[in-house]
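Everything on this sheet refers to the single structure shown next.
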Amino acid sequence: MLYINEEIEGLHRFIENLIYDDRNDLFNRMQAWSILAVFNKINHELETISAQLDTSIDLDAIRIDFEKYCDQTIWSREKLYELVKRNKEGDNHLSEINRMTDYLPNEVEGYLVTPEVLGSFKTSMHQLCDNERIGTRALWYALDKGLDTMQQLLFDIQEKVMCPKPHLYVKLWDEISTNYNDEEFDIKYFEWLEDTGTPTIDELKARQKQAIYDLLKTGFFRYAKAPTGGEVKKRKLVITEDDLEVGCEVTKEFEIECAKFDRFIEWKEDSILIVNYEKLGQYIYKNYTKLTEDDFFNIKGFDWTIDQIHEAMAHVKPSLAQYLKRYQERQDEELLEDCKKIFKPFKEFLKEDIRPTLIDEYLEKLLFDSEVKEEAKKKLSGQSRNTYCCSIVIALSFGYIFKPEYNNADYAKALHMVIDSVEKKNLERYLKDSKISNSALNSWTTHIMDDLKATPFSRPEAG
């Protein structure tokens, strides 16, 4: 399978190396039609990538050389026109197209014009034909438009690639994480645990620092911005040789790597290192084409190792359990179930053409796969729970999923069935205020609702 960048490069190389044969008009036309077929295929893939970038990060898009392929001067339109000039108006072109594989040069047929491409192409070519023939003007228009469309799609994708929404960085990390199984990682930690017996908190802290040392020595953060002297001196991550296995050196260069890593982490109770996966995902995203498979393996191996260390820490000191990933995941799941109970009465308000599970899917997407999920979790689990629930109701109403005969009084009554600690009149007032107070939630809901109506939400696996 070729990456889209390789397909575009193959097309560019093919156009640059065109050979004209003035004695063989059919050969010239086949080249023109081959290029048009590949334009169709590439543009379809680019349209798919552009749509995906609205809700996720597409690793194929990161690999595209925008600086090169968005430059109009590298695409030789004059060479394309030379092919078109050799098009003969009188031949039965549809007949030739149906036998296209009989005429194509092997390198074109095998590398760019696959059977799948040909099938789609033959269908679209009928739209260019008049009485089974393709006019010169129509063929040139199709080629010119194919190139213009490709470049416009590249510009659109470049804009999305350059400025993705922050929550998508976490999704990138999750996607990379799912590429590895726990069994793939070094059993070095388990060997240490077996030799140590029942480790103390101090021993586990030292082992955590050893894991950090092992990661930083691989040079994973070599593309991160160099820290200032002040950052190096004030860093919270301080590792000495006393913390490490014999033979591990702490040099000035290593202290610089510690200062870099300090930007990606925070500490809980001076024991547990918490990685900021949004920042880590952003670093990986910006340097994705430069990082190697070894780099990805090393960072995932590190993440796996500190998870094991944190589990051991929580066993020794139970108060640390609240910082474990599984504890946070369980809290999120409990919050989702609580929200589903609150909004269960709203299913009777749904329009007939809306599936009954849509509200549950919306809540799951809100809490696990949205750009406002951190705010939603914080408010729904805190003192703002009731008012934020009202904000969700208003956001859903903006998505036009409720029957028009229902209003805020009905919504307040439904909420009061579950949130009975708040008077209905107060809930109705919250609903009225929510129309203007939660623009981020309203905007996100409006943006995703059409897609959610069309396609049921399935939560991606966490890494």
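All residue names refer to the structure tokens as shown: chains lettered A, B, ... in order, residues numbered from 1 in each chain, ligands numbered from 1 in order.
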Distance table requested - segment 177-219 of chain A against segment 297-309 of chain A, cut-off 8 Å, only C-alpha atoms: one row per qualifying residue with the closest atom pair and its distance in Å to one decimal, ordered by chain and rising residue number, as CSV.
residue,atom,partner,partner_atom,distance
A:Ser177,CA,A:Lys300,CA,6.3
A:Tyr180,CA,A:Lys300,CA,7.8
A:Asp182,CA,A:Trp304,CA,7.4
A:Phe185,CA,A:Gly301,CA,5.8
A:Asp186,CA,A:Gly301,CA,7.7
A:Tyr189,CA,A:Thr305,CA,7.0
A:Leu204,CA,A:Ile309,CA,6.5
A:Arg207,CA,A:Ile309,CA,7.7
A:Gln208,CA,A:Ile306,CA,6.3
A:Ala211,CA,A:Phe302,CA,6.4
A:Ile212,CA,A:Phe302,CA,7.4
A:Leu215,CA,A:Phe302,CA,6.5
A:Thr218,CA,A:Asn298,CA,7.8
Leaving out segment 383-389 of chain A and any residue of its chain fewer than 5 positions from it, which residues lie within 8 Å of it when counting only C-alpha atoms, given as a PyMOL selection string? chain A and resi 376+419+427+430-431+434
Tell me which protein, DNA and RNA residues are within 9 Å of Leu336 of chain A, counting only C-alpha atoms, leaving out same-chain ones fewer than 6 positions away, and put them as a compact mmCIF listing (two decimals) with N, CA and C atoms, in the first residue's frame.
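Contents of out-v2.txt, freshly written:
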# COMPACT_ATOMS: atom_id res chain seq x y z
N ASP A 360 -27.10 8.91 24.41
CA ASP A 360 -26.03 8.17 25.10
C ASP A 360 -24.72 8.26 24.33
N LEU A 363 -23.22 11.73 24.80
CA LEU A 363 -22.58 11.88 26.12
C LEU A 363 -21.23 11.18 26.15
N GLU A 364 -21.17 10.01 25.53
CA GLU A 364 -19.90 9.28 25.50
C GLU A 364 -18.86 10.03 24.68
N LEU A 367 -17.56 13.09 26.68
CA LEU A 367 -16.65 12.82 27.80
C LEU A 367 -15.35 12.15 27.39
Quick check, in Å to one decimal: how far apart do atom CA of Asp433 of chain A and atom CA of Ser391 of chain A lie?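 Atom CA of Asp433 of chain A sits 8.5 Å away from atom CA of Ser391 of chain A.
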